[in-house]
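The file start29.cif comes next; it holds mmCIF, C-alpha atoms.
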```cif
data_final
#
loop_
_atom_site.label_atom_id
_atom_site.label_comp_id
_atom_site.auth_asym_id
_atom_site.auth_seq_id
_atom_site.Cartn_x
_atom_site.Cartn_y
_atom_site.Cartn_z
CA MET A 1 29.88 204.90 -17.22
CA ALA A 2 33.00 203.53 -15.54
CA ALA A 3 32.83 199.96 -14.23
CA LEU A 4 31.88 199.84 -10.57
CA SER A 5 34.23 198.28 -8.04
CA ASN A 6 33.62 194.75 -6.89
CA PRO A 7 32.74 195.07 -3.17
CA GLY A 8 34.75 191.96 -2.28
CA GLU A 9 37.84 193.20 -4.10
CA LEU A 10 37.51 196.67 -2.62
CA PHE A 11 37.20 195.19 0.85
CA GLY A 12 40.31 193.09 0.25
CA GLN A 13 42.23 196.17 -0.91
CA MET A 14 41.10 198.06 2.19
CA VAL A 15 42.22 195.27 4.52
CA GLN A 16 45.57 195.07 2.71
CA ALA A 17 46.06 198.86 2.82
CA ALA A 18 45.29 198.98 6.54
CA SER A 19 47.58 196.01 7.14
CA ASN A 20 50.41 197.68 5.21
CA ALA A 21 49.86 200.93 7.10
CA ILE A 22 49.89 199.56 10.64
CA GLY A 23 51.08 195.92 10.54
CA LYS A 24 54.65 196.77 11.59
CA ASP A 25 53.44 199.26 14.20
CA ILE A 26 51.24 196.60 15.82
CA THR A 27 54.30 194.36 16.23
CA THR A 28 56.22 197.30 17.73
CA LEU A 29 53.33 198.09 20.08
CA GLU A 30 53.12 194.47 21.22
CA GLY A 31 56.85 194.37 22.00
CA PHE A 32 56.71 197.72 23.77
CA ALA A 33 53.74 196.65 25.92
CA ARG A 34 55.39 193.34 26.83
CA ASP A 35 58.67 195.03 27.85
CA GLN A 36 56.80 197.62 29.89
CA VAL A 37 54.68 195.08 31.77
CA ILE A 38 57.78 193.01 32.60
CA GLY A 39 59.67 196.13 33.71
CA ILE A 40 56.79 197.45 35.81
CA ALA A 41 56.39 194.03 37.49
CA GLN A 42 60.12 193.95 38.35
CA LEU A 43 59.99 197.51 39.66
CA THR A 44 56.99 196.63 41.83
CA VAL A 45 58.93 193.73 43.39
CA THR A 46 61.93 196.04 43.98
CA LEU A 47 59.72 198.55 45.79
CA GLU A 48 57.98 195.78 47.69
CA LEU A 49 61.36 194.57 48.99
CA LYS A 50 62.41 198.08 49.99
CA ILE A 51 59.22 198.61 51.98
CA ALA A 52 59.56 195.17 53.62
CA ASN A 53 63.23 195.88 54.49
CA GLY A 54 62.36 199.19 56.14
CA GLU A 55 64.00 201.47 53.55
CA PHE A 56 61.34 204.10 54.21
CA ALA A 57 60.86 203.49 57.94
CA GLY A 58 60.00 206.78 59.62
CA GLN A 59 60.06 208.56 56.24
CA PRO A 60 56.49 208.38 54.92
CA ASP A 61 57.09 211.20 52.42
CA ARG A 62 59.89 209.28 50.70
CA GLN A 63 57.72 206.17 50.55
CA GLN A 64 54.77 208.13 49.17
CA THR A 65 56.99 209.65 46.47
CA ALA A 66 58.12 206.18 45.38
CA LEU A 67 54.51 204.98 45.32
CA ASP A 68 53.49 208.05 43.30
CA ILE A 69 56.26 207.35 40.78
CA LEU A 70 55.10 203.74 40.34
CA ARG A 71 51.43 204.74 40.16
CA SER A 72 52.13 207.40 37.50
CA LEU A 73 54.29 204.95 35.56
CA ILE A 74 51.37 202.50 35.39
CA ASP A 75 48.80 205.23 34.53
CA ASN A 76 51.07 206.61 31.84
CA PHE A 77 51.71 203.14 30.40
CA VAL A 78 47.98 202.54 29.93
CA ASN A 79 47.52 206.01 28.43
CA THR A 80 50.51 205.50 26.12
CA VAL A 81 49.13 202.22 24.77
CA LEU A 82 45.77 203.94 24.23
CA ALA A 83 47.38 206.95 22.55
CA MET A 84 49.54 204.75 20.31
CA SER A 85 46.41 202.80 19.33
CA ILE A 86 44.74 206.07 18.37
CA VAL A 87 47.67 206.86 16.05
CA LEU A 88 47.31 203.40 14.50
CA ALA A 89 43.57 204.00 14.06
CA GLU A 90 44.36 207.24 12.26
CA LYS A 91 46.83 205.51 9.95
CA ALA A 92 44.37 202.68 9.21
CA TRP A 93 41.61 205.22 8.61
CA ASN A 94 43.82 207.18 6.24
CA ALA A 95 44.78 204.06 4.29
CA VAL A 96 41.19 202.86 3.98
CA VAL A 97 39.91 206.29 2.92
CA ASP A 98 42.64 206.39 0.30
CA VAL A 99 41.46 203.09 -1.24
CA ALA A 100 37.83 204.25 -1.13
CA TRP A 101 38.57 207.61 -2.73
CA ASN A 102 40.68 206.01 -5.44
CA ALA A 103 37.61 203.97 -6.42
CA LEU A 104 35.38 207.04 -6.23
CA ASP A 105 37.84 209.00 -8.40
CA LYS A 106 37.50 206.37 -11.12
CA ALA A 107 33.70 206.62 -11.01
CA ALA A 108 33.80 210.42 -11.10
CA GLY A 109 36.44 210.51 -13.81
CA PHE A 110 38.47 213.07 -11.91
CA ALA A 111 40.19 213.40 -8.51
CA LEU A 112 37.65 214.12 -5.82
CA PRO A 113 38.86 216.19 -2.84
CA ARG A 114 40.30 213.93 -0.14
CA PRO A 115 38.95 214.26 3.38
CA SER A 116 41.39 216.44 5.28
CA PHE A 117 43.13 214.97 8.32
CA MET B 1 43.27 189.32 10.26
CA GLY B 2 39.68 188.99 11.57
CA LEU B 3 40.08 191.91 13.99
CA LEU B 4 41.75 193.99 11.32
CA ALA B 5 38.82 193.33 8.99
CA VAL B 6 36.38 194.61 11.64
CA VAL B 7 38.52 197.75 12.13
CA VAL B 8 38.55 198.29 8.37
CA VAL B 9 34.75 198.03 8.15
CA ILE B 10 34.28 200.51 11.02
CA PHE B 11 36.73 203.04 9.65
CA ALA B 12 35.50 202.59 6.11
CA GLY B 13 32.00 203.46 7.34
CA ILE B 14 33.13 206.50 9.27
CA GLY B 15 35.50 207.64 6.54
CA LEU B 16 32.93 207.43 3.80
CA GLY B 17 30.14 208.96 5.87
CA SER B 18 31.79 212.09 7.17
CA CYS B 19 34.84 214.31 7.14
CA ALA B 20 37.97 212.54 8.27
CA VAL B 21 39.84 214.06 11.19
CA LYS B 22 43.31 214.19 12.60
CA LEU B 23 43.58 212.08 15.72
CA ALA B 24 47.08 212.82 17.11
CA PRO B 25 49.64 215.64 17.03
CA GLU B 26 52.37 216.05 14.45
CA PHE B 27 55.79 214.54 15.10
CA ASP B 28 58.19 217.20 16.40
CA GLN B 29 61.88 216.38 15.99
CA ALA B 30 62.85 218.95 18.65
CA ILE B 31 60.69 217.17 21.27
CA PHE B 32 62.14 213.77 20.36
CA ASP B 33 65.69 215.13 20.41
CA GLY B 34 65.11 216.93 23.73
CA LEU B 35 63.85 213.73 25.35
CA SER B 36 66.79 211.75 23.92
CA LYS B 37 69.27 214.30 25.26
CA ALA B 38 67.66 214.29 28.73
CA ASN B 39 67.78 210.49 28.67
CA GLU B 40 71.49 210.45 27.80
CA GLU B 41 72.31 212.98 30.53
CA ALA B 42 70.25 211.08 33.12
CA MET B 43 71.94 207.76 32.30
CA LYS B 44 75.39 209.38 32.67
CA LEU B 45 74.26 210.84 35.98
CA PHE B 46 72.99 207.50 37.28
CA ALA B 47 76.26 205.86 36.18
CA SER B 48 78.24 208.33 38.29
CA ALA B 49 75.92 208.11 41.30
CA GLY B 50 78.24 206.04 43.47
CA SER B 51 81.34 208.18 43.02
CA GLY B 52 82.19 211.40 44.84
CA PRO B 53 80.05 213.75 46.92
CA PHE B 54 76.56 214.97 45.98
CA SER B 55 77.85 218.48 45.37
CA LYS B 56 79.71 217.22 42.28
CA ARG B 57 76.42 215.99 40.77
CA ALA B 58 74.00 218.73 41.89
CA LYS B 59 74.34 220.69 38.66
CA ALA B 60 73.87 217.55 36.54
CA TYR B 61 70.47 216.93 38.21
CA ASP B 62 69.46 220.53 37.52
CA ASP B 63 70.57 220.19 33.90
CA VAL B 64 68.42 217.09 33.32
CA ILE B 65 65.42 218.66 35.06
CA GLY B 66 65.93 221.89 33.11
CA GLU B 67 66.07 219.98 29.83
CA LEU B 68 62.86 218.13 30.69
CA ASN B 69 61.11 221.39 31.63
CA ALA B 70 62.18 222.89 28.30
CA VAL B 71 60.71 219.90 26.42
CA GLN B 72 57.53 220.24 28.48
CA VAL B 73 57.10 223.79 27.14
CA GLN B 74 57.53 222.51 23.57
CA VAL B 75 54.92 219.80 24.19
CA SER B 76 52.46 222.39 25.55
CA ALA B 77 53.06 224.63 22.54
CA ARG B 78 52.43 221.76 20.12
CA GLY B 79 48.90 221.16 21.40
CA ALA B 80 46.67 218.33 20.24
CA PRO B 81 43.94 218.02 17.63
CA PRO B 82 40.35 218.03 18.91
CA PRO B 83 38.58 214.68 19.17
CA PRO B 84 36.87 213.46 15.97
CA SER B 85 33.68 215.46 15.47
CA VAL B 86 31.81 212.37 14.36
CA LEU B 87 32.49 210.66 17.71
CA VAL B 88 31.49 213.79 19.64
CA GLU B 89 28.26 213.92 17.65
CA ILE B 90 27.51 210.24 18.24
CA ALA B 91 28.15 210.64 21.98
CA GLY B 92 26.01 213.81 21.98
CA VAL B 93 23.13 211.95 20.32
CA LEU B 94 23.50 209.30 23.01
CA GLY B 95 22.93 212.03 25.60
CA ASP B 96 26.43 212.88 26.78
CA LYS B 97 26.65 216.67 26.77
CA LYS B 98 30.28 216.67 27.93
CA ALA B 99 31.35 214.21 25.24
CA GLY B 100 33.84 216.65 23.70
CA GLN B 101 35.69 217.21 26.98
CA LYS B 102 35.67 213.53 27.87
CA LEU B 103 36.96 212.44 24.47
CA ALA B 104 39.63 215.15 24.56
CA ALA B 105 40.80 213.81 27.93
CA ILE B 106 40.91 210.22 26.63
CA ALA B 107 42.74 211.20 23.44
CA LYS B 108 45.19 213.51 25.26
CA PRO B 109 48.77 212.80 24.18
CA PRO B 110 50.63 211.16 27.11
CA THR B 111 53.97 212.98 26.69
CA SER B 112 53.22 215.77 29.15
CA ALA B 113 52.32 213.35 31.97
CA ASP B 114 55.39 211.26 31.07
CA ILE B 115 57.63 214.32 31.49
CA ASP B 116 55.97 215.21 34.81
CA ASN B 117 56.86 211.76 36.12
CA LEU B 118 60.42 211.93 34.74
CA ILE B 119 60.91 215.21 36.63
CA ARG B 120 59.41 213.63 39.77
CA ILE B 121 61.87 210.73 39.49
CA MET B 122 64.87 213.06 39.03
CA ASN B 123 63.81 215.23 41.99
CA ALA B 124 63.40 212.16 44.20
CA ALA B 125 66.78 210.76 43.11
CA LYS B 126 68.38 214.14 43.77
CA ALA B 127 66.86 214.32 47.26
CA ASP B 128 68.05 210.79 48.06
CA ASP B 129 71.51 211.55 46.68
CA LYS B 130 71.72 214.58 48.97
CA LEU B 131 70.91 212.33 51.93
CA GLY B 132 73.50 209.76 50.82
CA LEU B 133 70.73 207.24 50.03
CA LEU B 134 70.93 207.07 46.25
CA ALA B 135 73.40 204.20 45.80
CA ARG B 136 71.08 201.69 47.47
CA ASN B 137 67.97 203.03 45.71
CA LEU B 138 69.40 203.27 42.23
CA ASP B 139 67.73 199.91 41.50
CA PHE B 140 64.41 201.76 41.74
CA TYR B 141 65.12 205.19 40.24
CA LYS B 142 67.10 204.09 37.19
CA PRO B 143 64.61 201.48 35.86
CA ALA B 144 61.70 203.79 36.74
CA PHE B 145 63.29 206.57 34.69
CA SER B 146 64.11 204.18 31.81
CA LEU B 147 60.59 202.74 31.67
CA GLN B 148 59.01 206.20 31.80
CA MET B 149 61.37 207.53 29.14
CA ALA B 150 60.66 204.48 26.93
CA GLN B 151 56.94 205.34 27.08
CA ALA B 152 57.57 208.93 26.03
CA LEU B 153 59.96 208.00 23.21
CA ALA B 154 57.73 205.17 21.92
CA TYR B 155 54.77 207.55 21.62
CA GLU B 156 56.77 210.34 20.03
CA LYS B 157 58.33 207.87 17.59
CA ILE B 158 54.96 206.53 16.42
CA LEU B 159 53.89 210.11 15.61
CA GLN B 160 56.52 210.04 12.83
CA ARG B 161 54.00 208.99 10.19
#
```
Since I need it in another form, could you write the structure as structure tokens?
Amino acid sequence: MAALSNPGELFGQMVQAASNAIGKDITTLEGFARDQVIGIAQLTVTLELKIANGEFAGQPDRQQTALDILRSLIDNFVNTVLAMSIVLAEKAWNAVVDVAWNALDKAAGFALPRPSF
Amino acid sequence: MGLLAVVVVIFAGIGLGSCAVKLAPEFDQAIFDGLSKANEEAMKLFASAGSGPFSKRAKAYDDVIGELNAVQVQVSARGAPPPPSVLVEIAGVLGDKKAGQKLAAIAKPPTSADIDNLIRIMNAAKADDKLGLLARNLDFYKPAFSLQMAQALAYEKILQR
């Protein structure tokens, strides 16, 4: 019988694999989110000034369009961060399953079928 | 590292206990390239906004909007994977009979909504340009377009896995 994996070592390998798979992406996501929040805040101030200065006076449709653009931009930002996180979860999942199945392969003595993504 | 360890434990449990699933669409170079091209054309258009009459730029607006509509069709054709069956089952056990629909909505790729807003921005800029109002509102339309495009490109880029 093949030697069983040490749970602590296996856990460490899983953490490392997940870190390798998504570590750089997390940094990218953080930078993206920071830039977006700063940009959205600046855009909000720009629109605030336009409304205060009467840019849309007597033109409620134009004002509503600008508000809709900003609102969608914020909605889409939140959804994008969520969707990017889902991709990172998939990558982490994949990496962890890979480590687990490598250990299981050793116990079985042959390559077990990988879960299909 | 603590949070990562928790994520690892959760996904290790799910991964070992059931079939793994695909959580996001495949990267499509044509979609990424189409967005990049629309971005380039839009930036050129915004750069020329202050010079000459609207009639000289009308076709350029239509070109950008047409390019974005073409990418939208590609995004629709790509589709998205269904939500993980294990999560649907867990939510179903917890009593949520519409779990599949709700999870599909949460996990919906954002690109389509991004493109809708990019088209909305271009249409609004075009309408303002026609009225001679674009030059003083470029400080809204251009950053709005850039931020929205950055969202779309960042998501599409991360699909390249």
>> I'd like the interatomic distance between atom CA of Leu47 of chain A and atom CA of Leu131 of chain B, to a tenth of an Å.
In response: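 Separation between atom CA of Leu47 of chain A and atom CA of Leu131 of chain B: 18.8 Å.
The two atoms in question, atom CA of Phe32 of chain B and atom CA of Leu68 of chain B, are spaced 11.2 Å apart.
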> Once the PyMOL selection byres ((chain A) within 9 of (chain B)) has been applied to the shown file, what residues remain in the selection, as a PyMOL selection string?
Replying inline: chain A and resi 11-12+14-15+18-19+25+29+32+35-36+39-40+43+46-47+50+55+62+65-66+68-70+72-73+76-77+79-84+86-94+96-97+100-101+114-117
>> Starting from the PyMOL selection byres ((chain B and resi 75) around 10), expand the selection into actual residues of this file and give them as JSON, numbers by chain.
In response: {"B": [25, 28, 30, 31, 69, 70, 71, 72, 73, 74, 76, 77, 78, 79, 80, 109, 111, 112, 115]}
> Could you state the separation of atom CA of Pro83 of chain B and atom CA of Asn20 of chain A in Å, given to one decimal place?
Replying inline: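 We find that atom CA of Pro83 of chain B and atom CA of Asn20 of chain A lie 25.0 Å from each other.
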>> Please determine, counting only C-alpha atoms, which residue among B:Glu26, B:Glu40, B:Ser51, B:Lys59 has the shortest atom-to-atom distance to Leu134 of chain B.
In response: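 Between B:Glu26, B:Glu40, B:Ser51, B:Lys59, the residue approaching Leu134 of chain B most closely is B:Ser51.
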> Hey, what's within 12 Å of Ala3 of chain A if we count all atoms listed in the file and toss same-chain stuff fewer than 3 positions away? As JSON, numbers by chain, please?
Replying inline: {"A": [6, 103, 104, 105, 106, 107, 108, 109]}
> Of the candidates A:Ala21, A:Leu10, A:Ile74, A:Leu49, which shows the shortest atom-to-atom distance to Asn102 of chain A, using all atoms listed in the file?
Replying inline: A:Leu10
Fill-in result for segment 88-108 of chain A, N, CA, C and O atoms as a short mmCIF file (atom, residue, chain, number, x, y, z; two decimals), keeping the file's coordinate frame:
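Wrote it out as out.cif, contents follow:
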```cif
data_model
loop_
_atom_site.label_atom_id
_atom_site.label_comp_id
_atom_site.auth_asym_id
_atom_site.auth_seq_id
_atom_site.Cartn_x
_atom_site.Cartn_y
_atom_site.Cartn_z
N LEU A 88 47.49 204.50 15.45
CA LEU A 88 47.31 203.40 14.50
C LEU A 88 45.94 203.48 13.83
O LEU A 88 45.82 203.23 12.63
N ALA A 89 44.92 203.85 14.62
CA ALA A 89 43.57 204.00 14.06
C ALA A 89 43.58 205.08 12.98
O ALA A 89 42.99 204.91 11.91
N GLU A 90 44.28 206.16 13.25
CA GLU A 90 44.36 207.24 12.26
C GLU A 90 45.02 206.76 10.96
O GLU A 90 44.55 207.04 9.86
N LYS A 91 46.12 206.00 11.13
CA LYS A 91 46.83 205.51 9.95
C LYS A 91 45.96 204.53 9.15
O LYS A 91 45.94 204.58 7.91
N ALA A 92 45.24 203.64 9.88
CA ALA A 92 44.37 202.68 9.21
C ALA A 92 43.25 203.42 8.49
O ALA A 92 42.91 203.12 7.34
N TRP A 93 42.69 204.41 9.17
CA TRP A 93 41.61 205.22 8.61
C TRP A 93 42.08 205.89 7.32
O TRP A 93 41.41 205.83 6.27
N ASN A 94 43.23 206.49 7.39
CA ASN A 94 43.82 207.18 6.24
C ASN A 94 43.98 206.23 5.05
O ASN A 94 43.64 206.55 3.92
N ALA A 95 44.52 205.03 5.36
CA ALA A 95 44.78 204.06 4.29
C ALA A 95 43.47 203.58 3.65
O ALA A 95 43.39 203.45 2.42
N VAL A 96 42.47 203.35 4.50
CA VAL A 96 41.19 202.86 3.98
C VAL A 96 40.49 203.94 3.16
O VAL A 96 39.94 203.68 2.08
N VAL A 97 40.52 205.17 3.65
CA VAL A 97 39.91 206.29 2.92
C VAL A 97 40.59 206.46 1.56
O VAL A 97 39.94 206.71 0.55
N ASP A 98 41.88 206.25 1.54
CA ASP A 98 42.64 206.39 0.30
C ASP A 98 42.14 205.38 -0.75
O ASP A 98 41.93 205.73 -1.91
N VAL A 99 41.96 204.13 -0.32
CA VAL A 99 41.46 203.09 -1.24
C VAL A 99 40.06 203.47 -1.72
O VAL A 99 39.75 203.40 -2.92
N ALA A 100 39.21 203.89 -0.78
CA ALA A 100 37.83 204.25 -1.13
C ALA A 100 37.80 205.41 -2.12
O ALA A 100 37.08 205.36 -3.12
N TRP A 101 38.60 206.43 -1.85
CA TRP A 101 38.57 207.61 -2.73
C TRP A 101 39.18 207.32 -4.09
O TRP A 101 38.77 207.90 -5.08
N ASN A 102 40.14 206.40 -4.14
CA ASN A 102 40.68 206.01 -5.44
C ASN A 102 39.57 205.40 -6.31
O ASN A 102 39.49 205.68 -7.50
N ALA A 103 38.73 204.57 -5.69
CA ALA A 103 37.61 203.97 -6.42
C ALA A 103 36.61 205.04 -6.84
O ALA A 103 36.10 205.03 -7.97
N LEU A 104 36.34 205.97 -5.93
CA LEU A 104 35.38 207.04 -6.23
C LEU A 104 35.90 207.96 -7.35
O LEU A 104 35.13 208.43 -8.19
N ASP A 105 37.22 208.17 -7.35
CA ASP A 105 37.84 209.00 -8.40
C ASP A 105 37.58 208.40 -9.78
O ASP A 105 37.30 209.11 -10.74
N LYS A 106 37.70 207.05 -9.83
CA LYS A 106 37.50 206.37 -11.12
C LYS A 106 36.06 206.57 -11.59
O LYS A 106 35.81 206.80 -12.77
N ALA A 107 35.11 206.45 -10.65
CA ALA A 107 33.70 206.62 -11.01
C ALA A 107 33.42 208.05 -11.46
O ALA A 107 32.66 208.29 -12.41
N ALA A 108 34.05 209.01 -10.78
CA ALA A 108 33.80 210.42 -11.10
C ALA A 108 34.54 210.84 -12.37
O ALA A 108 34.13 211.76 -13.07
#
```
